[in-house]
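Peer 1: Could you have a look at this structure, given as structure tokens, before my questions?
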2 protein chains.
Amino acid sequence: MPTIKDVAKYANVSVATVSRVLNKKGYVSKEAEENVLKAIADLNYKPNSVARSLYHKTSKMIGLLIPDISNPFFPELARAVEDVALTYGYTVVICNTDEDIRKEAQYLEALQQKYIDGLILTTNQLSADNYENLGIPLVALDRQFSNRVPTVSSKNYEGARQATEYLIENGSEFIAHIRGPYHVKPADDRYQGFKDVVEEQGIAHIVVDCDFTMASAMEVTEGLFEKYSTIDAVFASSDIIAAGVLKVAKNINKRIPEDLQIIGFDGIPLGEMLTPALTTVAQPIYKMGALSARLLIKQIEKEPLDLINYEVKTTIQYRETTRSDT
Amino acid sequence: MPTIKDVAKYANVSVATVSRVLNKKGYVSKEAEENVLKAIADLNYKPNSVARSLYHKTSKMIGLLIPDISNPFFPELARAVEDVALTYGYTVVICNTDEDIRKEAQYLEALQQKYIDGLILTTNQLSADNYENLGIPLVALDRQFSNRVPTVSSKNYEGARQATEYLIENGSEFIAHIRGPYHVKPADDRYQGFKDVVEEQGIAHIVVDCDFTMASAMEVTEGLFEKYSTIDAVFASSDIIAAGVLKVAKNINKRIPEDLQIIGFDGIPLGEMLTPALTTVAQPIYKMGALSARLLIKQIEKEPLDLINYEVKTTIQYRETTRSDT
DNA sequence: AAAGTGTATGTAACGGGTTACATGTAAGGG
DNA sequence: CCCTTACATGTAACCCGTTACATACACTTT
């Protein structure tokens, strides 16, 4: 690998001049510039970004902290972040934290030592201070933890309300909500949206807990249907949960959507692949990822942000696990 | 952020001594060591990995080149690579190439400039030279392109044979194979396995082309069933394709597995979530990712490799889209 | 003609580590 | 008692860019 010195020697100029040409900064005569450009081409020189990093204390890398890339919600998000990052010349380091405080701390340390330029957080086991003390730009995605950190999230409360109202419009009279983990903001908000609607309208309902895995969803659902055979709709806090509900329901020969309506949340690709295809409150996942990445890069490049909290709209994807009201 | 100089000053020693303590190299008295350790603790010093990279020309980072993280085959792979990398102190840079030669070249350049320590390739649009000229360790995952590069793949040919034989044992007499893209090694091998078995056994068959997307699979399958209504089994080259076949088959009210058996390939989590659950030739995806990462790190750390080509076994996951022969 | 301004280029310090080499001390061998 | 060797530590060069600063020349300006 040739270095800037090789280029300087080949072009008969000093390294400073080469650097000036590279960075288009300072005065350089046309002649010198041409020589340098030719040297660069002839030697196939590429500036070394590590050396640059060392001097500038930046790395053109951003970190994406997620619980687990194998959770189907995250690949599309990661993809969006990566796409945007690439167009701005950044690379993305993916960190699967498993919501484990130790792993998170380990990553944070490693990233900081690499002069990571910014972080997108979809996980926050550590306290807000731990992130803010890093002294680098942050974006919180799908959770919020400090009013100084820009946030991207979707209207979970409103989406949950719409889903619930839709089930009611379609004639359901006893609705179960399978909620996600406590203190996870989106799960809490979706629960609240559901609760408010059923209470306002005086609809029979039941809420059960679940984590965001299909196995847990199936277990919970089996118990639920045993106890309450008259449940005629389920609002699941995620599509994965909904997939579990669907599977159990079909196993015990419930007709869907005639006997039981199901509506999920998230809008992951899985929903479409199921039969019947899952009706769901879709979040614009790609858009959320892309937006976070852009917000992060804006901060890194010291551009002003229009807003600090971005809330994107959800839309119900009407598919086959609900009865149409039209 | 304190530097090694701050530590040296605080501990009343030279930077060389601090470095010796950090790297456990060379002679250091107990006394000096204690002072340094205390200084490190007091100042909360963390060595700067960029500076280290610059000197050592390594980065403790590995690159994972994949076509698209939103393709459900890759998240689990990426997860495995990341898990192994983390335990050895490496971080992973994910690169979605979309099998696009330009993007690949762009990544390769960026990674090289960052002193990336090694690359796991699941994509190879560029010619083998382009990778080997990088002068860094490589592992080819699920495709092979040079006999100097260690490879991890599964027994695609054998798996395809087993799948086909299984369909025949279960009484199918007209089998369709929906194959993946040409010149993609796994797709070619699976096709060959299928072809050999049906020809050996003189079974009626048809092969159609498809890329690895569900939309394409559905389109192809619709045409297929229109033309050949007596097809009684499909061997799909991937689970995504199989999901598409299943969806189309259900739409036209074929009973599964009574009228039509379906078997996929890959063993992605989606298969289990479908109803009926998809029978498939499962690859040990996590294991393959973990193995590649370990092979790569072994090369980086100059440890000898036992083997250059690792072929892992596939296993049929007997689920609900095939008739049991037991 | 002296001073000021814009252009052009080179030298060297810097960023934060690592390590070759020089130097120095103490212990052990003959 | 001198020499070798192990131990201990510091100085400075090095990795590869970036940039502050010094220098120098060609024009203007007054």
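The way I read the labels, and the way they are meant: chains A, B, ... in the order of the structure tokens, residue 1 as the first residue of every chain, and ligand 1 as the first ligand shown, with later ones counted on from there.
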Using DSSP on the backbone coordinates, identify the residues of segment 120-310 of chain A assigned to strand (DSSP E or B); present them as a VMD selection string.
Peer 2: chain A and resid 120 to 121 138 to 141 151 to 154 174 to 179 204 to 209 233 to 236 261 to 266 279 to 282 309 to 310
Peer 1: Please find the residues of chain B near chain A - the criterion being any atom within 7 Å, counting only C-alpha atoms - and write them as an mmCIF file with C-alpha atoms, in the first residue's frame.
Peer 2:
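Everything below was put into out_6.cif:
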```cif
data_model
loop_
_atom_site.group_PDB
_atom_site.id
_atom_site.type_symbol
_atom_site.label_atom_id
_atom_site.label_comp_id
_atom_site.auth_asym_id
_atom_site.auth_seq_id
_atom_site.Cartn_x
_atom_site.Cartn_y
_atom_site.Cartn_z
ATOM 1 C CA ASN B 48 -7.063 4.148 22.055
ATOM 2 C CA SER B 49 -7.594 1.465 19.473
ATOM 3 C CA VAL B 50 -7.196 3.785 16.528
ATOM 4 C CA ALA B 51 -3.631 4.584 17.527
ATOM 5 C CA SER B 53 -4.472 0.172 14.593
ATOM 6 C CA LEU B 54 -2.247 2.700 12.951
ATOM 7 C CA ILE B 69 -29.661 -8.522 5.771
ATOM 8 C CA SER B 70 -33.427 -8.416 5.266
ATOM 9 C CA PRO B 75 -29.773 -12.413 10.287
ATOM 10 C CA GLU B 76 -29.076 -15.684 12.037
ATOM 11 C CA ARG B 79 -25.818 -13.113 14.677
ATOM 12 C CA VAL B 92 -18.325 -6.810 12.882
ATOM 13 C CA VAL B 93 -19.050 -4.458 10.029
ATOM 14 C CA ILE B 94 -22.071 -5.509 8.036
ATOM 15 C CA GLN B 113 -8.613 1.723 4.340
ATOM 16 C CA LYS B 114 -9.787 0.887 7.820
ATOM 17 C CA ALA B 243 -43.558 -20.140 1.484
ATOM 18 C CA LYS B 247 -49.479 -19.562 -0.213
ATOM 19 C CA MET B 273 -44.423 -20.116 11.832
ATOM 20 C CA LEU B 274 -46.367 -21.111 8.764
ATOM 21 C CA THR B 275 -49.446 -23.253 8.937
#
```
Peer 1: Can you pull out every residue within 12 Å of DA12 of chain D, counting only C-alpha atoms (C1' of nucleotides), but drop anything in the same chain fewer than 2 positions away, and send it as number ranges by chain?
Peer 2: B: 15-16; C: 18-22; D: 10, 14
Peer 1: Please determine the contact residues of chain C with respect to chain A at a cut-off of 7 Å, counting only C-alpha atoms (C1' of nucleotides), and supply them as a PyMOL selection string.
Peer 2: chain C and resi 7-8+10+15
Peer 1: Next, the residues of the selection above should be written as a PDB file, in the first residue's frame with C-alpha atoms (C1' of nucleotides).
Peer 2:
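out.pdb was written with the following content:
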```pdb
ATOM      1  C1'  DT C   7      -0.406  32.493  -4.027  1.00  0.00           C
ATOM      2  C1'  DA C   8       2.533  28.356  -3.462  1.00  0.00           C
ATOM      3  C1'  DG C  10       7.896  22.898   2.431  1.00  0.00           C
ATOM      4  C1'  DG C  15      -2.644  12.615  17.238  1.00  0.00           C
TER       5       DG C  15
END
```
Peer 1: Please identify all polymer residues within 7 Å of Arg143 of chain A, counting only C-alpha atoms (C1' of nucleotides), omitting same-chain residues fewer than 6 positions from it, and present them as a list in words.
Peer 2: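 So, after excluding close chain neighbours, the residues are Thr122, Ser153 and Lys185 of chain A.
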Peer 1: Taking only C-alpha atoms (C1' of nucleotides) into account and nothing else, which residues of chain D lie no more than 10 Å away from chain B? Please answer as a PyMOL selection string.
Peer 2: chain D and resi 6-11+14-16
Peer 1: Can I get the selected residues back with N, CA, C and O atoms (P, O5', C5', C4', C3', O3' and C1' of nucleotides), as a PDB file, in the first residue's frame?
Peer 2:
```pdb
ATOM      1  P    DA D   6      19.922 -14.326  30.162  1.00  0.00           P
ATOM      2  O5'  DA D   6      19.018 -13.756  31.342  1.00  0.00           O
ATOM      3  C5'  DA D   6      19.189 -14.256  32.671  1.00  0.00           C
ATOM      4  C4'  DA D   6      18.573 -13.264  33.647  1.00  0.00           C
ATOM      5  C3'  DA D   6      17.188 -12.764  33.214  1.00  0.00           C
ATOM      6  O3'  DA D   6      16.326 -12.758  34.345  1.00  0.00           O
ATOM      7  C1'  DA D   6      18.641 -10.930  33.545  1.00  0.00           C
ATOM      8  P    DC D   7      14.803 -12.356  34.221  1.00  0.00           P
ATOM      9  O5'  DC D   7      14.837 -10.828  34.669  1.00  0.00           O
ATOM     10  C5'  DC D   7      15.313 -10.517  35.978  1.00  0.00           C
ATOM     11  C4'  DC D   7      15.422  -9.025  36.131  1.00  0.00           C
ATOM     12  C3'  DC D   7      14.132  -8.231  35.864  1.00  0.00           C
ATOM     13  O3'  DC D   7      13.874  -7.449  37.010  1.00  0.00           O
ATOM     14  C1'  DC D   7      15.986  -7.226  34.783  1.00  0.00           C
ATOM     15  P    DA D   8      12.468  -6.687  37.140  1.00  0.00           P
ATOM     16  O5'  DA D   8      12.859  -5.282  36.532  1.00  0.00           O
ATOM     17  C5'  DA D   8      13.759  -4.464  37.255  1.00  0.00           C
ATOM     18  C4'  DA D   8      13.842  -3.104  36.612  1.00  0.00           C
ATOM     19  C3'  DA D   8      12.510  -2.536  36.118  1.00  0.00           C
ATOM     20  O3'  DA D   8      12.303  -1.338  36.873  1.00  0.00           O
ATOM     21  C1'  DA D   8      14.243  -2.283  34.475  1.00  0.00           C
ATOM     22  P    DT D   9      10.998  -0.478  36.618  1.00  0.00           P
ATOM     23  O5'  DT D   9      11.496   0.523  35.512  1.00  0.00           O
ATOM     24  C5'  DT D   9      12.607   1.374  35.811  1.00  0.00           C
ATOM     25  C4'  DT D   9      12.997   2.156  34.591  1.00  0.00           C
ATOM     26  C3'  DT D   9      11.830   2.835  33.868  1.00  0.00           C
ATOM     27  O3'  DT D   9      12.005   4.224  33.979  1.00  0.00           O
ATOM     28  C1'  DT D   9      13.390   1.882  32.356  1.00  0.00           C
ATOM     29  P    DG D  10      10.830   5.246  33.476  1.00  0.00           P
ATOM     30  O5'  DG D  10      11.679   6.071  32.405  1.00  0.00           O
ATOM     31  C5'  DG D  10      13.031   6.423  32.727  1.00  0.00           C
ATOM     32  C4'  DG D  10      13.767   6.809  31.463  1.00  0.00           C
ATOM     33  C3'  DG D  10      12.965   7.734  30.537  1.00  0.00           C
ATOM     34  O3'  DG D  10      13.818   8.780  30.091  1.00  0.00           O
ATOM     35  C1'  DG D  10      13.675   5.804  29.345  1.00  0.00           C
ATOM     36  P    DT D  11      13.178  10.013  29.308  1.00  0.00           P
ATOM     37  O5'  DT D  11      13.825   9.850  27.854  1.00  0.00           O
ATOM     38  C5'  DT D  11      15.194   9.484  27.734  1.00  0.00           C
ATOM     39  C4'  DT D  11      15.556   9.375  26.270  1.00  0.00           C
ATOM     40  C3'  DT D  11      14.863  10.388  25.355  1.00  0.00           C
ATOM     41  O3'  DT D  11      15.807  10.831  24.395  1.00  0.00           O
ATOM     42  C1'  DT D  11      14.338   8.192  24.644  1.00  0.00           C
ATOM     43  P    DC D  14      12.466   6.652  11.786  1.00  0.00           P
ATOM     44  O5'  DC D  14      11.063   5.892  11.867  1.00  0.00           O
ATOM     45  C5'  DC D  14      10.996   4.560  12.373  1.00  0.00           C
ATOM     46  C4'  DC D  14       9.533   4.186  12.567  1.00  0.00           C
ATOM     47  C3'  DC D  14       8.603   4.746  11.491  1.00  0.00           C
ATOM     48  O3'  DC D  14       8.021   3.680  10.775  1.00  0.00           O
ATOM     49  C1'  DC D  14       7.703   5.051  13.683  1.00  0.00           C
ATOM     50  P    DC D  15       7.419   3.967   9.323  1.00  0.00           P
ATOM     51  O5'  DC D  15       5.877   3.694   9.583  1.00  0.00           O
ATOM     52  C5'  DC D  15       5.426   2.503  10.199  1.00  0.00           C
ATOM     53  C4'  DC D  15       3.968   2.683  10.543  1.00  0.00           C
ATOM     54  C3'  DC D  15       3.262   3.639   9.575  1.00  0.00           C
ATOM     55  O3'  DC D  15       2.465   2.897   8.663  1.00  0.00           O
ATOM     56  C1'  DC D  15       2.763   4.155  11.889  1.00  0.00           C
ATOM     57  P    DC D  16       2.522   3.323   7.110  1.00  0.00           P
ATOM     58  O5'  DC D  16       1.565   4.599   7.088  1.00  0.00           O
ATOM     59  C5'  DC D  16       0.185   4.431   7.327  1.00  0.00           C
ATOM     60  C4'  DC D  16      -0.464   5.793   7.377  1.00  0.00           C
ATOM     61  C3'  DC D  16      -0.140   6.669   6.174  1.00  0.00           C
ATOM     62  O3'  DC D  16      -1.351   7.222   5.710  1.00  0.00           O
ATOM     63  C1'  DC D  16       0.186   7.855   8.186  1.00  0.00           C
TER      64       DC D  16
END
```
Peer 1: Can you tell me, as a ChimeraX atom specification, which residues in segment 225-316 of chain A count as alpha helix (DSSP H) by DSSP?
Peer 2: /A:225-227,239-251,270-273,285-300
Peer 1: Residues at most 12 Å from Gly202 of chain A, counting only C-alpha atoms (C1' of nucleotides), excluding those fewer than 2 positions away in the same chain, as an NGL selection string?
Peer 2: :A and (165 or 168 or 173-175 or 194-200 or 204-205)
Peer 1: Okay, now the selection with N, CA, C and O atoms, as a PDB file, in the first residue's frame?
Peer 2:
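Result file follows (result-v1.pdb):
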```pdb
ATOM      1  N   GLU A 165     -60.240  -0.331  17.783  1.00  0.00           N
ATOM      2  CA  GLU A 165     -61.506   0.161  17.232  1.00  0.00           C
ATOM      3  C   GLU A 165     -61.930  -0.662  16.019  1.00  0.00           C
ATOM      4  O   GLU A 165     -63.113  -0.964  15.834  1.00  0.00           O
ATOM      5  N   ILE A 168     -63.522  -3.847  17.007  1.00  0.00           N
ATOM      6  CA  ILE A 168     -64.868  -3.611  17.536  1.00  0.00           C
ATOM      7  C   ILE A 168     -65.851  -3.335  16.399  1.00  0.00           C
ATOM      8  O   ILE A 168     -66.947  -3.897  16.354  1.00  0.00           O
ATOM      9  N   GLU A 173     -66.717  -8.821  20.410  1.00  0.00           N
ATOM     10  CA  GLU A 173     -67.332  -8.412  21.675  1.00  0.00           C
ATOM     11  C   GLU A 173     -66.546  -8.812  22.906  1.00  0.00           C
ATOM     12  O   GLU A 173     -66.890  -8.481  24.030  1.00  0.00           O
ATOM     13  N   PHE A 174     -65.494  -9.613  22.663  1.00  0.00           N
ATOM     14  CA  PHE A 174     -64.670 -10.018  23.806  1.00  0.00           C
ATOM     15  C   PHE A 174     -63.230 -10.099  23.274  1.00  0.00           C
ATOM     16  O   PHE A 174     -62.850 -11.055  22.600  1.00  0.00           O
ATOM     17  N   ILE A 175     -62.466  -9.094  23.570  1.00  0.00           N
ATOM     18  CA  ILE A 175     -61.161  -8.934  22.936  1.00  0.00           C
ATOM     19  C   ILE A 175     -60.022  -9.171  23.923  1.00  0.00           C
ATOM     20  O   ILE A 175     -60.032  -8.631  25.035  1.00  0.00           O
ATOM     21  N   PHE A 194     -55.032   0.227  23.732  1.00  0.00           N
ATOM     22  CA  PHE A 194     -56.060  -0.818  23.781  1.00  0.00           C
ATOM     23  C   PHE A 194     -57.010  -0.577  24.949  1.00  0.00           C
ATOM     24  O   PHE A 194     -58.234  -0.541  24.795  1.00  0.00           O
ATOM     25  N   LYS A 195     -56.421  -0.408  26.106  1.00  0.00           N
ATOM     26  CA  LYS A 195     -57.184  -0.269  27.335  1.00  0.00           C
ATOM     27  C   LYS A 195     -58.164   0.907  27.248  1.00  0.00           C
ATOM     28  O   LYS A 195     -59.359   0.781  27.590  1.00  0.00           O
ATOM     29  N   ASP A 196     -57.669   2.029  26.779  1.00  0.00           N
ATOM     30  CA  ASP A 196     -58.510   3.208  26.702  1.00  0.00           C
ATOM     31  C   ASP A 196     -59.729   2.961  25.818  1.00  0.00           C
ATOM     32  O   ASP A 196     -60.850   3.321  26.171  1.00  0.00           O
ATOM     33  N   VAL A 197     -59.510   2.309  24.679  1.00  0.00           N
ATOM     34  CA  VAL A 197     -60.633   2.095  23.771  1.00  0.00           C
ATOM     35  C   VAL A 197     -61.657   1.119  24.355  1.00  0.00           C
ATOM     36  O   VAL A 197     -62.852   1.387  24.351  1.00  0.00           O
ATOM     37  N   VAL A 198     -61.195  -0.014  24.855  1.00  0.00           N
ATOM     38  CA  VAL A 198     -62.178  -0.988  25.373  1.00  0.00           C
ATOM     39  C   VAL A 198     -62.936  -0.419  26.570  1.00  0.00           C
ATOM     40  O   VAL A 198     -64.135  -0.685  26.739  1.00  0.00           O
ATOM     41  N   GLU A 199     -62.235   0.371  27.371  1.00  0.00           N
ATOM     42  CA  GLU A 199     -62.930   0.954  28.523  1.00  0.00           C
ATOM     43  C   GLU A 199     -63.920   2.030  28.101  1.00  0.00           C
ATOM     44  O   GLU A 199     -65.044   2.073  28.600  1.00  0.00           O
ATOM     45  N   GLU A 200     -63.486   2.877  27.183  1.00  0.00           N
ATOM     46  CA  GLU A 200     -64.408   3.913  26.695  1.00  0.00           C
ATOM     47  C   GLU A 200     -65.662   3.294  26.121  1.00  0.00           C
ATOM     48  O   GLU A 200     -66.771   3.780  26.318  1.00  0.00           O
ATOM     49  N   ALA A 204     -65.941  -6.083  26.665  1.00  0.00           N
ATOM     50  CA  ALA A 204     -65.311  -7.115  27.494  1.00  0.00           C
ATOM     51  C   ALA A 204     -63.907  -7.355  26.987  1.00  0.00           C
ATOM     52  O   ALA A 204     -63.687  -7.422  25.782  1.00  0.00           O
ATOM     53  N   HIS A 205     -62.963  -7.480  27.917  1.00  0.00           N
ATOM     54  CA  HIS A 205     -61.576  -7.655  27.467  1.00  0.00           C
ATOM     55  C   HIS A 205     -60.741  -8.339  28.523  1.00  0.00           C
ATOM     56  O   HIS A 205     -61.125  -8.426  29.688  1.00  0.00           O
TER      57      HIS A 205
END
```
Peer 1: When you count only C-alpha atoms (C1' of nucleotides), which of these residues is closest to DT19 of chain D: A:Gln299, A:Asn309, A:Thr322, A:Ser19?
Peer 2: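 That would be A:Ser19, the residue with the smallest distance to DT19 of chain D.
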Peer 1: Calculate how many Å separate atom CA of Tyr286 of chain B from atom CA of Tyr88 of chain B, rounding to one decimal.
Peer 2: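 It comes out at 17.0 Å.
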Peer 1: Env of Pro284 of chain A: 9 Å cut, atoms = only C-alpha atoms (C1' of nucleotides), seq-sep filter 2 positions within chain, self excluded. Answer as a count of residues only.
Peer 2: 12
Peer 1: Enter the distance from atom CA of Arg319 of chain B to atom CA of Ala236 of chain A, in Å, rounded to one decimal.
Peer 2: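 Answer for the atom CA of Arg319 of chain B to atom CA of Ala236 of chain A separation: 25.6 Å.
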Peer 1: Between atom CA of Phe212 of chain A and atom CA of Ser238 of chain A, what is the distance, to one decimal in Å?
Peer 2: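 Taking atom CA of Phe212 of chain A as the start and atom CA of Ser238 of chain A as the end point, the length is 6.9 Å.
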